[in-house]
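Chemist: Below is target.cif; it holds mmCIF, C-alpha atoms and all ligand atoms.
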data_run
loop_
_atom_site.group_PDB
_atom_site.id
_atom_site.type_symbol
_atom_site.label_atom_id
_atom_site.label_comp_id
_atom_site.auth_asym_id
_atom_site.auth_seq_id
_atom_site.Cartn_x
_atom_site.Cartn_y
_atom_site.Cartn_z
ATOM 1 C CA MET D 65 -3.480 16.526 4.354
ATOM 2 C CA GLY D 66 -2.398 12.937 4.988
ATOM 3 C CA PRO D 67 -3.143 9.868 2.898
ATOM 4 C CA TRP D 68 -5.874 11.315 0.780
ATOM 5 C CA PRO D 69 -6.227 11.076 -3.021
ATOM 6 C CA LEU D 70 -7.015 14.773 -3.429
ATOM 7 C CA ASP D 71 -3.643 15.668 -1.979
ATOM 8 C CA PRO D 72 -1.543 14.336 -4.871
ATOM 9 C CA ARG D 73 2.234 14.118 -4.427
ATOM 10 C CA GLY D 74 3.175 12.510 -7.710
ATOM 11 C CA PRO D 75 2.225 12.615 -11.414
ATOM 12 C CA GLN D 76 -0.090 9.633 -11.309
ATOM 13 C CA ALA D 77 -2.045 10.864 -8.306
ATOM 14 C CA GLU D 78 -2.135 14.328 -9.917
ATOM 15 C CA SER D 79 -3.731 12.852 -13.037
ATOM 16 C CA ILE D 80 -6.397 11.138 -10.983
ATOM 17 C CA ALA D 81 -7.126 14.272 -8.946
ATOM 18 C CA PHE D 82 -7.247 16.371 -12.138
ATOM 19 C CA VAL D 83 -9.920 14.172 -13.743
ATOM 20 C CA TYR D 84 -11.774 14.063 -10.459
ATOM 21 C CA TRP D 85 -11.948 17.866 -10.102
ATOM 22 C CA ILE D 86 -13.061 18.416 -13.707
ATOM 23 C CA LEU D 87 -15.850 15.835 -13.387
ATOM 24 C CA PHE D 88 -16.796 17.246 -10.015
ATOM 25 C CA ALA D 89 -16.938 20.844 -11.281
ATOM 26 C CA CYS D 90 -19.063 19.860 -14.312
ATOM 27 C CA ALA D 91 -21.375 17.816 -12.080
ATOM 28 C CA VAL D 92 -21.846 20.817 -9.777
ATOM 29 C CA VAL D 93 -22.704 23.053 -12.756
ATOM 30 C CA VAL D 94 -25.209 20.503 -14.126
ATOM 31 C CA LEU D 95 -26.731 20.076 -10.665
ATOM 32 C CA ALA D 96 -27.088 23.860 -10.275
ATOM 33 C CA ILE D 97 -28.771 24.185 -13.694
ATOM 34 C CA VAL D 98 -31.186 21.295 -13.110
ATOM 35 C CA VAL D 99 -32.111 22.275 -9.541
ATOM 36 C CA GLY D 100 -32.276 25.960 -10.572
ATOM 37 C CA ALA D 101 -34.618 25.265 -13.514
ATOM 38 C CA LEU D 102 -36.821 23.031 -11.360
ATOM 39 C CA THR D 103 -37.087 25.609 -8.601
ATOM 40 C CA TYR D 104 -37.725 28.455 -11.034
ATOM 41 C CA SER D 105 -40.459 26.519 -12.892
ATOM 42 C CA GLY D 106 -42.015 25.353 -9.655
ATOM 43 C CA ILE D 107 -42.446 28.902 -8.489
ATOM 44 C CA LYS D 108 -43.165 30.650 -11.778
ATOM 45 C CA PHE D 109 -45.666 28.120 -13.138
ATOM 46 C CA ARG D 110 -47.321 27.073 -9.895
ATOM 47 C CA ASP D 111 -51.075 26.511 -9.814
ATOM 48 C CA ARG D 112 -53.034 29.704 -9.162
ATOM 49 C CA PRO D 113 -56.803 30.236 -9.139
ATOM 50 C CA GLY D 114 -58.200 31.180 -12.510
ATOM 51 C CA ARG D 115 -54.983 30.479 -14.356
ATOM 52 C CA VAL D 116 -54.910 27.956 -17.209
ATOM 53 C CA ALA D 117 -51.595 26.484 -18.269
ATOM 54 C CA GLN D 118 -50.454 27.325 -21.727
ATOM 55 C CA GLN D 119 -50.141 24.168 -23.854
ATOM 56 C CA ILE D 120 -46.979 23.823 -25.902
ATOM 57 C CA HIS D 121 -46.093 20.901 -28.128
ATOM 58 C CA GLY D 122 -42.345 20.549 -27.927
ATOM 59 C CA SER D 123 -39.502 22.877 -28.699
ATOM 60 C CA ASN D 124 -36.849 21.847 -31.201
ATOM 61 C CA THR D 125 -34.330 24.242 -29.725
ATOM 62 C CA LEU D 126 -34.677 22.857 -26.190
ATOM 63 C CA GLU D 127 -34.663 19.246 -27.384
ATOM 64 C CA LEU D 128 -31.470 19.888 -29.295
ATOM 65 C CA VAL D 129 -29.771 21.689 -26.409
ATOM 66 C CA TRP D 130 -30.428 18.993 -23.857
ATOM 67 C CA THR D 131 -29.395 16.240 -26.221
ATOM 68 C CA VAL D 132 -26.310 17.784 -27.760
ATOM 69 C CA VAL D 133 -24.795 19.383 -24.650
ATOM 70 C CA PRO D 134 -24.827 16.229 -22.472
ATOM 71 C CA THR D 135 -23.582 14.155 -25.425
ATOM 72 C CA LEU D 136 -20.646 16.500 -25.908
ATOM 73 C CA MET D 137 -19.949 16.438 -22.177
ATOM 74 C CA VAL D 138 -19.935 12.652 -22.012
ATOM 75 C CA ILE D 139 -17.678 12.447 -25.081
ATOM 76 C CA SER D 140 -15.246 14.953 -23.532
ATOM 77 C CA PHE D 141 -15.166 13.045 -20.241
ATOM 78 C CA THR D 142 -14.497 9.833 -22.132
ATOM 79 C CA ALA D 143 -11.657 11.421 -24.098
ATOM 80 C CA LEU D 144 -10.165 12.955 -20.966
ATOM 81 C CA SER D 145 -10.386 9.718 -18.962
ATOM 82 C CA TRP D 146 -8.964 7.753 -21.892
ATOM 83 C CA ASN D 147 -6.036 10.092 -22.155
ATOM 84 C CA ARG D 148 -5.301 10.059 -18.405
ATOM 85 C CA LEU D 149 -5.833 6.281 -18.141
ATOM 86 C CA ASN D 150 -3.272 5.707 -20.864
ATOM 87 C CA PHE D 151 -0.818 7.685 -18.772
ATOM 88 C CA ILE D 152 -1.802 5.954 -15.526
ATOM 89 C CA ASN D 153 -1.712 2.454 -17.046
ATOM 90 C CA ASP D 154 1.613 2.961 -18.787
ATOM 91 C CA VAL D 155 3.709 0.869 -16.412
ATOM 92 C CA ASN D 156 6.565 0.218 -18.804
ATOM 93 C CA SER D 157 8.016 3.414 -20.235
ATOM 94 C CA ASN D 158 10.802 5.311 -18.438
ATOM 95 C CA VAL D 159 10.778 2.985 -15.458
ATOM 96 C CA ALA D 160 13.702 3.663 -13.110
ATOM 97 C CA MET D 161 13.305 0.501 -11.077
ATOM 98 C CA THR D 162 10.949 -2.432 -10.619
ATOM 99 C CA VAL D 163 10.023 -3.707 -7.190
ATOM 100 C CA LYS D 164 8.248 -6.987 -6.554
ATOM 101 C CA VAL D 165 5.451 -6.708 -4.024
ATOM 102 C CA GLU D 166 3.752 -9.597 -2.301
ATOM 103 C CA GLY D 167 0.642 -9.208 -0.187
ATOM 104 C CA ARG D 168 -0.003 -11.842 2.440
ATOM 105 C CA GLN D 169 -2.192 -12.081 5.512
ATOM 106 C CA TRP D 170 -1.376 -9.484 6.848
ATOM 107 C CA ALA D 171 1.600 -7.621 5.614
ATOM 108 C CA TRP D 172 3.252 -6.409 2.436
ATOM 109 C CA GLY D 173 6.655 -7.723 1.420
ATOM 110 C CA PHE D 174 8.922 -5.886 -1.016
ATOM 111 C CA THR D 175 11.814 -7.309 -3.030
ATOM 112 C CA TYR D 176 14.155 -4.727 -4.519
ATOM 113 C CA PRO D 177 15.409 -4.943 -8.112
ATOM 114 C CA ASP D 178 18.075 -7.381 -9.254
ATOM 115 C CA SER D 179 20.950 -4.908 -9.351
ATOM 116 C CA PRO D 180 24.322 -4.732 -7.542
ATOM 117 C CA MET D 181 22.965 -1.905 -5.401
ATOM 118 C CA PHE D 182 20.489 -4.226 -3.694
ATOM 119 C CA LYS D 183 22.503 -7.427 -3.602
ATOM 120 C CA LEU D 184 23.312 -8.983 -0.242
ATOM 121 C CA PRO D 185 26.600 -10.823 0.296
ATOM 122 C CA ASP D 186 24.769 -14.169 0.120
ATOM 123 C CA GLY D 187 23.518 -13.339 -3.381
ATOM 124 C CA THR D 188 19.912 -12.691 -2.383
ATOM 125 C CA LEU D 189 18.208 -9.363 -2.952
ATOM 126 C CA LEU D 190 17.268 -6.772 -0.408
ATOM 127 C CA GLN D 191 13.765 -7.262 0.949
ATOM 128 C CA SER D 192 11.627 -5.337 3.314
ATOM 129 C CA GLY D 193 8.271 -5.611 4.945
ATOM 130 C CA GLU D 194 5.659 -2.862 5.160
ATOM 131 C CA GLN D 195 8.088 -0.081 4.225
ATOM 132 C CA LEU D 196 9.356 0.594 0.701
ATOM 133 C CA ASP D 197 12.096 3.167 0.137
ATOM 134 C CA ILE D 198 12.226 4.855 -3.253
ATOM 135 C CA PRO D 199 14.128 7.711 -4.876
ATOM 136 C CA VAL D 200 12.232 10.950 -5.504
ATOM 137 C CA GLY D 201 11.210 11.955 -9.026
ATOM 138 C CA GLN D 202 11.577 8.510 -10.543
ATOM 139 C CA LYS D 203 9.002 6.189 -11.921
ATOM 140 C CA ILE D 204 8.879 3.006 -9.849
ATOM 141 C CA LYS D 205 7.114 -0.010 -11.281
ATOM 142 C CA LEU D 206 5.499 -2.366 -8.783
ATOM 143 C CA GLU D 207 4.793 -5.956 -9.748
ATOM 144 C CA LEU D 208 2.105 -7.124 -7.379
ATOM 145 C CA THR D 209 1.050 -10.582 -6.394
ATOM 146 C CA ALA D 210 -0.442 -12.246 -3.339
ATOM 147 C CA LYS D 211 0.337 -15.357 -1.362
ATOM 148 C CA ASP D 212 -3.092 -16.230 -0.010
ATOM 149 C CA VAL D 213 -6.119 -14.071 -0.787
ATOM 150 C CA ILE D 214 -6.755 -10.911 -2.793
ATOM 151 C CA HIS D 215 -5.248 -7.767 -1.329
ATOM 152 C CA SER D 216 -5.227 -4.277 -2.778
ATOM 153 C CA PHE D 217 -2.299 -1.890 -2.816
ATOM 154 C CA TRP D 218 -3.078 1.781 -2.361
ATOM 155 C CA VAL D 219 -0.955 4.769 -1.430
ATOM 156 C CA PRO D 220 -3.422 7.579 -2.160
ATOM 157 C CA ASN D 221 -0.904 10.438 -2.381
ATOM 158 C CA LEU D 222 1.095 8.631 -5.033
ATOM 159 C CA GLY D 223 -1.353 6.805 -7.254
ATOM 160 C CA GLY D 224 -4.348 4.635 -7.861
ATOM 161 C CA LYS D 225 -5.068 1.309 -6.244
ATOM 162 C CA LYS D 226 -4.364 -2.086 -7.724
ATOM 163 C CA ASP D 227 -5.370 -5.568 -6.632
ATOM 164 C CA ALA D 228 -2.738 -8.100 -5.657
ATOM 165 C CA VAL D 229 -4.111 -11.464 -6.764
ATOM 166 C CA PRO D 230 -2.724 -14.922 -5.875
ATOM 167 C CA GLY D 231 -1.215 -16.622 -8.925
ATOM 168 C CA HIS D 232 -1.222 -13.449 -11.017
ATOM 169 C CA VAL D 233 1.082 -10.503 -11.459
ATOM 170 C CA THR D 234 -0.499 -7.095 -11.791
ATOM 171 C CA SER D 235 1.451 -3.901 -12.312
ATOM 172 C CA LEU D 236 1.256 -0.398 -11.014
ATOM 173 C CA TRP D 237 3.647 2.520 -11.001
ATOM 174 C CA ILE D 238 4.165 5.210 -8.443
ATOM 175 C CA GLN D 239 6.288 8.318 -8.325
ATOM 176 C CA ALA D 240 6.854 10.830 -5.558
ATOM 177 C CA ASP D 241 7.640 14.434 -6.438
ATOM 178 C CA GLN D 242 9.083 15.386 -3.066
ATOM 179 C CA PRO D 243 10.949 13.527 -0.334
ATOM 180 C CA GLY D 244 8.730 12.366 2.473
ATOM 181 C CA THR D 245 6.750 9.550 3.979
ATOM 182 C CA TYR D 246 3.565 8.425 2.294
ATOM 183 C CA LYS D 247 1.104 6.151 4.025
ATOM 184 C CA GLY D 248 -1.090 3.547 2.452
ATOM 185 C CA GLN D 249 -3.307 0.672 3.361
ATOM 186 C CA CYS D 250 -4.539 -2.626 1.975
ATOM 187 C CA PHE D 251 -7.851 -1.766 0.379
ATOM 188 C CA GLU D 252 -9.487 -5.138 -0.057
ATOM 189 C CA PHE D 253 -10.928 -6.864 2.979
ATOM 190 C CA CYS D 254 -8.633 -9.837 3.499
ATOM 191 C CA GLY D 255 -9.398 -11.181 6.959
ATOM 192 C CA ASP D 256 -8.891 -10.338 10.631
ATOM 193 C CA GLY D 257 -5.716 -8.342 10.159
ATOM 194 C CA HIS D 258 -6.878 -6.313 7.144
ATOM 195 C CA ALA D 259 -6.923 -3.011 9.010
ATOM 196 C CA ASP D 260 -3.312 -3.507 10.110
ATOM 197 C CA MET D 261 -2.028 -4.191 6.618
ATOM 198 C CA LEU D 262 -0.312 -0.858 6.261
ATOM 199 C CA ILE D 263 2.084 0.461 3.659
ATOM 200 C CA THR D 264 4.742 3.097 4.210
ATOM 201 C CA ILE D 265 6.600 4.569 1.267
ATOM 202 C CA VAL D 266 9.616 6.686 2.061
ATOM 203 C CA ALA D 267 10.913 8.840 -0.778
ATOM 204 C CA HIS D 268 14.563 9.855 -0.504
ATOM 205 C CA PRO D 269 16.303 12.623 -2.462
ATOM 206 C CA GLN D 270 18.021 10.978 -5.427
ATOM 207 C CA SER D 271 21.470 11.979 -4.185
ATOM 208 C CA GLU D 272 20.875 10.136 -0.897
ATOM 209 C CA TYR D 273 19.274 7.005 -2.252
ATOM 210 C CA ALA D 274 22.487 5.065 -2.917
ATOM 211 C CA ALA D 275 23.668 5.755 0.630
ATOM 212 C CA TRP D 276 20.337 4.575 1.999
ATOM 213 C CA ALA D 277 20.550 1.377 -0.070
ATOM 214 C CA LYS D 278 24.066 0.678 1.176
ATOM 215 C CA THR D 279 22.974 0.934 4.821
ATOM 216 C CA ALA D 280 19.861 -1.132 4.188
ATOM 217 C CA VAL D 281 21.886 -3.885 2.517
ATOM 218 C CA GLU D 282 24.380 -3.891 5.417
ATOM 219 C CA ASP D 283 21.533 -4.088 7.913
ATOM 220 C CA ALA D 284 19.880 -6.910 6.047
ATOM 221 C CA ALA D 285 23.178 -8.766 5.624
ATOM 222 C CA ARG D 286 23.615 -9.078 9.403
ATOM 223 C CA ALA D 287 20.872 -11.604 9.529
ATOM 224 C CA THR D 288 21.735 -13.741 6.517
ATOM 225 C CA SER D 289 24.630 -15.882 7.605
ATOM 226 C CA PRO D 290 24.438 -19.313 5.895
ATOM 227 C CA GLU D 291 24.715 -21.110 9.275
ATOM 228 C CA THR D 292 21.489 -19.580 10.514
ATOM 229 C CA LYS D 293 19.587 -19.686 7.224
ATOM 230 C CA ALA D 294 17.297 -22.508 8.362
ATOM 231 C CA GLY D 295 16.155 -20.465 11.335
ATOM 232 C CA ARG D 296 15.705 -17.354 9.279
ATOM 233 C CA ASP D 297 13.615 -19.211 6.709
ATOM 234 C CA ALA D 298 11.500 -20.807 9.433
ATOM 235 C CA PHE D 299 10.932 -17.428 11.046
ATOM 236 C CA LEU D 300 10.050 -15.624 7.831
ATOM 237 C CA THR D 301 7.732 -18.258 6.402
ATOM 238 C CA GLY D 302 6.138 -19.275 9.676
ATOM 239 C CA ALA D 303 3.875 -17.704 12.243
ATOM 240 C CA CYS D 304 6.648 -15.506 13.715
ATOM 241 C CA ALA D 305 6.703 -13.050 10.802
ATOM 242 C CA GLY D 306 2.976 -12.471 11.142
ATOM 243 C CA CYS D 307 3.478 -10.824 14.530
ATOM 244 C CA HIS D 308 7.042 -9.510 14.638
ATOM 245 C CA THR D 309 9.042 -7.043 12.586
ATOM 246 C CA VAL D 310 12.690 -7.598 11.748
ATOM 247 C CA LYS D 311 14.049 -4.728 9.683
ATOM 248 C CA GLY D 312 15.843 -5.811 6.524
ATOM 249 C CA THR D 313 13.533 -8.796 6.126
ATOM 250 C CA THR D 314 9.934 -9.240 5.007
ATOM 251 C CA ALA D 315 8.832 -9.811 8.609
ATOM 252 C CA ALA D 316 6.641 -6.815 9.358
ATOM 253 C CA GLY D 317 4.122 -8.009 11.925
ATOM 254 C CA LYS D 318 2.798 -5.411 14.330
ATOM 255 C CA VAL D 319 1.207 -7.587 16.997
ATOM 256 C CA GLY D 320 4.373 -8.407 18.911
ATOM 257 C CA PRO D 321 7.491 -6.370 19.681
ATOM 258 C CA GLU D 322 10.031 -5.563 16.971
ATOM 259 C CA LEU D 323 12.942 -8.008 17.052
ATOM 260 C CA THR D 324 15.450 -6.211 14.806
ATOM 261 C CA HIS D 325 17.984 -5.985 17.655
ATOM 262 C CA ILE D 326 16.615 -8.584 20.053
ATOM 263 C CA ALA D 327 20.044 -10.120 20.702
ATOM 264 C CA SER D 328 21.369 -6.875 22.168
ATOM 265 C CA LYS D 329 18.323 -6.157 24.323
ATOM 266 C CA PRO D 330 18.658 -6.421 28.126
ATOM 267 C CA ASN D 331 15.729 -8.815 28.446
ATOM 268 C CA ILE D 332 12.967 -10.700 26.656
ATOM 269 C CA ALA D 333 9.549 -9.039 26.866
ATOM 270 C CA GLY D 334 10.653 -7.276 30.053
ATOM 271 C CA VAL D 335 10.517 -10.463 32.096
ATOM 272 C CA LEU D 336 13.351 -12.782 31.151
ATOM 273 C CA SER D 337 17.019 -11.845 31.162
ATOM 274 C CA PRO D 338 19.605 -12.050 29.823
ATOM 275 C CA VAL D 339 18.820 -12.624 26.185
ATOM 276 C CA ASN D 340 20.720 -15.827 25.538
ATOM 277 C CA GLN D 341 20.155 -19.162 23.902
ATOM 278 C CA GLU D 342 18.726 -20.787 27.008
ATOM 279 C CA ASN D 343 16.196 -18.065 27.744
ATOM 280 C CA LEU D 344 15.153 -17.531 24.136
ATOM 281 C CA THR D 345 14.539 -21.254 23.784
ATOM 282 C CA LYS D 346 12.431 -21.282 26.956
ATOM 283 C CA TRP D 347 10.519 -18.286 25.677
ATOM 284 C CA VAL D 348 9.759 -19.607 22.204
ATOM 285 C CA ARG D 349 8.780 -22.992 23.607
ATOM 286 C CA ASN D 350 6.313 -21.670 26.114
ATOM 287 C CA ALA D 351 5.993 -17.897 26.533
ATOM 288 C CA PRO D 352 2.598 -18.059 28.290
ATOM 289 C CA SER D 353 4.105 -20.048 31.163
ATOM 290 C CA ILE D 354 6.599 -17.219 31.744
ATOM 291 C CA LYS D 355 4.264 -14.274 31.147
ATOM 292 C CA PRO D 356 0.666 -15.411 31.665
ATOM 293 C CA GLY D 357 -1.944 -13.846 29.402
ATOM 294 C CA ILE D 358 0.550 -12.992 26.652
ATOM 295 C CA VAL D 359 -0.684 -13.138 23.049
ATOM 296 C CA MET D 360 2.268 -15.213 21.911
ATOM 297 C CA PRO D 361 1.278 -18.876 21.851
ATOM 298 C CA LYS D 362 3.341 -21.769 23.048
ATOM 299 C CA PHE D 363 5.323 -23.323 20.215
ATOM 300 C CA GLU D 364 6.436 -26.401 22.114
ATOM 301 C CA GLY D 365 4.718 -29.290 20.332
ATOM 302 C CA GLN D 366 3.596 -26.949 17.545
ATOM 303 C CA LEU D 367 6.995 -26.682 15.913
ATOM 304 C CA PRO D 368 9.664 -29.402 15.819
ATOM 305 C CA ASP D 369 12.358 -28.861 18.490
ATOM 306 C CA LYS D 370 14.920 -28.543 15.716
ATOM 307 C CA THR D 371 12.986 -25.665 14.155
ATOM 308 C CA ILE D 372 12.739 -23.868 17.497
ATOM 309 C CA ASP D 373 16.502 -24.287 17.954
ATOM 310 C CA ASP D 374 17.110 -22.951 14.445
ATOM 311 C CA ILE D 375 14.922 -19.927 15.068
ATOM 312 C CA VAL D 376 16.684 -19.195 18.347
ATOM 313 C CA GLN D 377 20.082 -19.447 16.635
ATOM 314 C CA TRP D 378 18.934 -16.907 14.085
ATOM 315 C CA LEU D 379 17.476 -14.544 16.694
ATOM 316 C CA LEU D 380 20.853 -14.586 18.442
ATOM 317 C CA THR D 381 22.382 -13.015 15.303
ATOM 318 C CA LEU D 382 20.042 -10.013 15.508
ATOM 319 C CA LYS D 383 22.411 -7.767 17.404
HETATM 320 CU CU1 LIG R 1 -4.755 -7.325 2.735
HETATM 321 CU CU2 LIG R 1 -6.808 -6.260 3.258
#
Mind turning this structure into structure tokens?
Modeler:
Amino acid sequence: MGPWPLDPRGPQAESIAFVYWILFACAVVVLAIVVGALTYSGIKFRDRPGRVAQQIHGSNTLELVWTVVPTLMVISFTALSWNRLNFINDVNSNVAMTVKVEGRQWAWGFTYPDSPMFKLPDGTLLQSGEQLDIPVGQKIKLELTAKDVIHSFWVPNLGGKKDAVPGHVTSLWIQADQPGTYKGQCFEFCGDGHADMLITIVAHPQSEYAAWAKTAVEDAARATSPETKAGRDAFLTGACAGCHTVKGTTAAGKVGPELTHIASKPNIAGVLSPVNQENLTKWVRNAPSIKPGIVMPKFEGQLPDKTIDDIVQWLLTLK
């Protein structure tokens, strides 16, 4: 059914849907009784010529029924919600792995746990933007924070939503029961790019997860040579990452083309070839002069020449 909370694909989302359906069913029954009684009375006791209404002065039985029944219902709902909330809010027991999540305008960045499985040759940890890969059937704790404004993390098939707040760490857990791709979306208006702040969670069978991690680490390692670190850092912390995606990094922008393998492409943006240092430098300095009307701004004068050179050196490693 797509990203929809009533199509639960994990224990937390199931809990939420369960409470929802019970409350919904009870509300429908109450609505039917109230509307039914109103309609019945309206017809049965309507004004008719010559008829005088019988005067009654209260009924202890009725008073008791409509006090005790709703009270019991509200107490049961409270107990049920309490019980399910304890389960939903329990972010610490039986956690298989903890992923750090950072929301920023306008993308999500994920940092995988500090374990040998996710370690890159340069000692840093595997990161990704927009897409998080998890093993099936395991409880994954997410530690959320934000770089700039409040964002909200929500993957409806897997669990409830949680705010990502600058300067704070909030926690959430998710678990997927079956392999698959689960879509989510930032759920707190956070500026122009809010609608594009998507989340993709890919759940792999447990037996395949280690192999996935190995490939992901190898992919990410390509772009982490110490000689080009300055360029990589400039790219990832600057404007570039807001528009471009480079797999294996937190850059997950959707405005511009993906640059994961830019260095082995035949041309730049279809207009400038080959992809070499000279052309990339020209492009980053002043793309609009080469392809008029393009969204990419000119960075000449905006960024120091050294930074542009560094970025180009890094891009050249993205084979
Ligand atoms: Cu981030 Cu809306």
Chemist: Show me which residues sit within 6 Å of ligand LIG 1 (chain R) when counting only C-alpha atoms and all ligand atoms, and put them as a ChimeraX atom specification.
Modeler: /D:170,215,250-254,258,261
Chemist: What does the distance between CA of Ile326 in chain D and CA of Thr288 in chain D come to in Å, to one decimal place?
Modeler: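 Taking CA of Ile326 in chain D as the start and CA of Thr288 in chain D as the end point, the length is 15.4 Å.
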Chemist: Could you tell me how far CA of Asp186 in chain D sits from CA of Pro290 in chain D, in Å to one decimal place?
Modeler: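 Atom-to-atom, CA of Pro290 in chain D and CA of Asp186 in chain D are spaced 7.7 Å apart.
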Chemist: Which is closest to His268 in chain D among D:Gln202, D:Thr309, D:Thr292, D:Thr142, if we use only C-alpha atoms?
Modeler: D:Gln202
Chemist: I want to know what sits within 10 Å of range 356-365 of chain D, based on all atoms listed in the file, with residues of the same chain fewer than 5 positions away left out; could you give that as a short mmCIF file (atom, residue, chain, number, x, y, z; two decimals) with C-alpha atoms, keeping the file's coordinate frame?
Modeler:
data_model
loop_
_atom_site.label_atom_id
_atom_site.label_comp_id
_atom_site.auth_asym_id
_atom_site.auth_seq_id
_atom_site.Cartn_x
_atom_site.Cartn_y
_atom_site.Cartn_z
CA ALA D 303 3.88 -17.70 12.24
CA CYS D 304 6.65 -15.51 13.72
CA CYS D 307 3.48 -10.82 14.53
CA VAL D 319 1.21 -7.59 17.00
CA GLY D 320 4.37 -8.41 18.91
CA ALA D 333 9.55 -9.04 26.87
CA THR D 345 14.54 -21.25 23.78
CA LYS D 346 12.43 -21.28 26.96
CA TRP D 347 10.52 -18.29 25.68
CA VAL D 348 9.76 -19.61 22.20
CA ARG D 349 8.78 -22.99 23.61
CA ASN D 350 6.31 -21.67 26.11
CA ALA D 351 5.99 -17.90 26.53
CA ILE D 372 12.74 -23.87 17.50
#
Chemist: Kindly give the distance, in Å, that separates CA of Ser145 in chain D and CA of Thr209 in chain D, rounded to a single decimal.
Modeler: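 Going from CA of Ser145 in chain D over to CA of Thr209 in chain D covers 26.5 Å.
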Chemist: Give the answer as one residue: which of D:Ala96, D:Leu196, D:Val163, D:Ile238 has the shortest atom-to-atom distance to Pro220 in chain D, using all atoms listed in the file?
Modeler: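 Looking only at the distances to Pro220 in chain D, the closest residue turns out to be D:Ile238.
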Chemist: How close does range 215-292 of chain D get to range 81-87 of chain D? List, as a tab-separated table, each residue of range 215-292 of chain D within 12 Å, its nearest atom pair and the distance in Å to one decimal, counting only C-alpha atoms.
Modeler:
residue	atom	partner	partner_atom	distance
D:Pro220	CA	D:Ala81	CA	10.2
D:Asn221	CA	D:Ala81	CA	9.8
D:Leu222	CA	D:Ala81	CA	10.7
D:Gly223	CA	D:Ala81	CA	9.6
D:Gly224	CA	D:Ala81	CA	10.1
Chemist: For a quick check of understanding, using only C-alpha atoms, which of D:Gln242, D:Gln169, D:Asn153, D:Thr324 has the smallest distance to Asp260 in chain D?
Modeler: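 With only C-alpha atoms as the atom set, the closest residue is D:Gln169.
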Chemist: Would you translate the PyMOL selection byres (((chain D and resi 323) around 8) and not hetatm) into the concrete set of residues it matches in this file, as a ChimeraX atom specification?
Modeler: /D:308-310,321-322,324-326,379,382
Chemist: What does the file look like for those residues with C-alpha atoms, as a PDB file, keeping the file's coordinate frame?
Modeler:
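Wrote it out as again_18.pdb, contents follow:
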ATOM      1  CA  HIS D 308       7.042  -9.510  14.638  1.00  0.00           C
ATOM      2  CA  THR D 309       9.042  -7.043  12.586  1.00  0.00           C
ATOM      3  CA  VAL D 310      12.690  -7.598  11.748  1.00  0.00           C
ATOM      4  CA  PRO D 321       7.491  -6.370  19.681  1.00  0.00           C
ATOM      5  CA  GLU D 322      10.031  -5.563  16.971  1.00  0.00           C
ATOM      6  CA  THR D 324      15.450  -6.211  14.806  1.00  0.00           C
ATOM      7  CA  HIS D 325      17.984  -5.985  17.655  1.00  0.00           C
ATOM      8  CA  ILE D 326      16.615  -8.584  20.053  1.00  0.00           C
ATOM      9  CA  LEU D 379      17.476 -14.544  16.694  1.00  0.00           C
ATOM     10  CA  LEU D 382      20.042 -10.013  15.508  1.00  0.00           C
TER      11      LEU D 382
END
Chemist: List the residues matched by the PyMOL selection byres (((chain D and resi 272-281) around 8) and not hetatm) in the displayed structure as JSON, numbers by chain, ordered by chain and then by residue number.
Modeler: {"D": [181, 182, 183, 184, 190, 198, 199, 268, 269, 270, 271, 282, 283, 284, 285, 312]}
Chemist: Those same residues - C-alpha atoms - I'd like them written as a PDB file, keeping the file's coordinate frame.
Modeler:
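The result, written out as part.pdb:
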ATOM      1  CA  MET D 181      22.965  -1.905  -5.401  1.00  0.00           C
ATOM      2  CA  PHE D 182      20.489  -4.226  -3.694  1.00  0.00           C
ATOM      3  CA  LYS D 183      22.503  -7.427  -3.602  1.00  0.00           C
ATOM      4  CA  LEU D 184      23.312  -8.983  -0.242  1.00  0.00           C
ATOM      5  CA  LEU D 190      17.268  -6.772  -0.408  1.00  0.00           C
ATOM      6  CA  ILE D 198      12.226   4.855  -3.253  1.00  0.00           C
ATOM      7  CA  PRO D 199      14.128   7.711  -4.876  1.00  0.00           C
ATOM      8  CA  HIS D 268      14.563   9.855  -0.504  1.00  0.00           C
ATOM      9  CA  PRO D 269      16.303  12.623  -2.462  1.00  0.00           C
ATOM     10  CA  GLN D 270      18.021  10.978  -5.427  1.00  0.00           C
ATOM     11  CA  SER D 271      21.470  11.979  -4.185  1.00  0.00           C
ATOM     12  CA  GLU D 282      24.380  -3.891   5.417  1.00  0.00           C
ATOM     13  CA  ASP D 283      21.533  -4.088   7.913  1.00  0.00           C
ATOM     14  CA  ALA D 284      19.880  -6.910   6.047  1.00  0.00           C
ATOM     15  CA  ALA D 285      23.178  -8.766   5.624  1.00  0.00           C
ATOM     16  CA  GLY D 312      15.843  -5.811   6.524  1.00  0.00           C
TER      17      GLY D 312
END
Chemist: Considering only C-alpha atoms, return as a ChimeraX atom specification whatever protein or nucleic-acid residues lie within 8 Å of Gln377 in chain D, sequence-local ones (same chain, fewer than 3 positions apart) excluded.
Modeler: /D:292,295,341,373-374,380-381
Chemist: Go ahead and save the residues from that selection, with C-alpha atoms, as a PDB file, in the frame of the given file.
Modeler:
ATOM      1  CA  THR D 292      21.489 -19.580  10.514  1.00  0.00           C
ATOM      2  CA  GLY D 295      16.155 -20.465  11.335  1.00  0.00           C
ATOM      3  CA  GLN D 341      20.155 -19.162  23.902  1.00  0.00           C
ATOM      4  CA  ASP D 373      16.502 -24.287  17.954  1.00  0.00           C
ATOM      5  CA  ASP D 374      17.110 -22.951  14.445  1.00  0.00           C
ATOM      6  CA  LEU D 380      20.853 -14.586  18.442  1.00  0.00           C
ATOM      7  CA  THR D 381      22.382 -13.015  15.303  1.00  0.00           C
TER       8      THR D 381
END
Chemist: Any chance you could resolve the PyMOL selection byres (((chain D and resi 226-236) around 8) and not hetatm) against this file and give the residues as a ChimeraX atom specification?
Modeler: /D:153,155,166-167,205-218,224-225,237-238,252
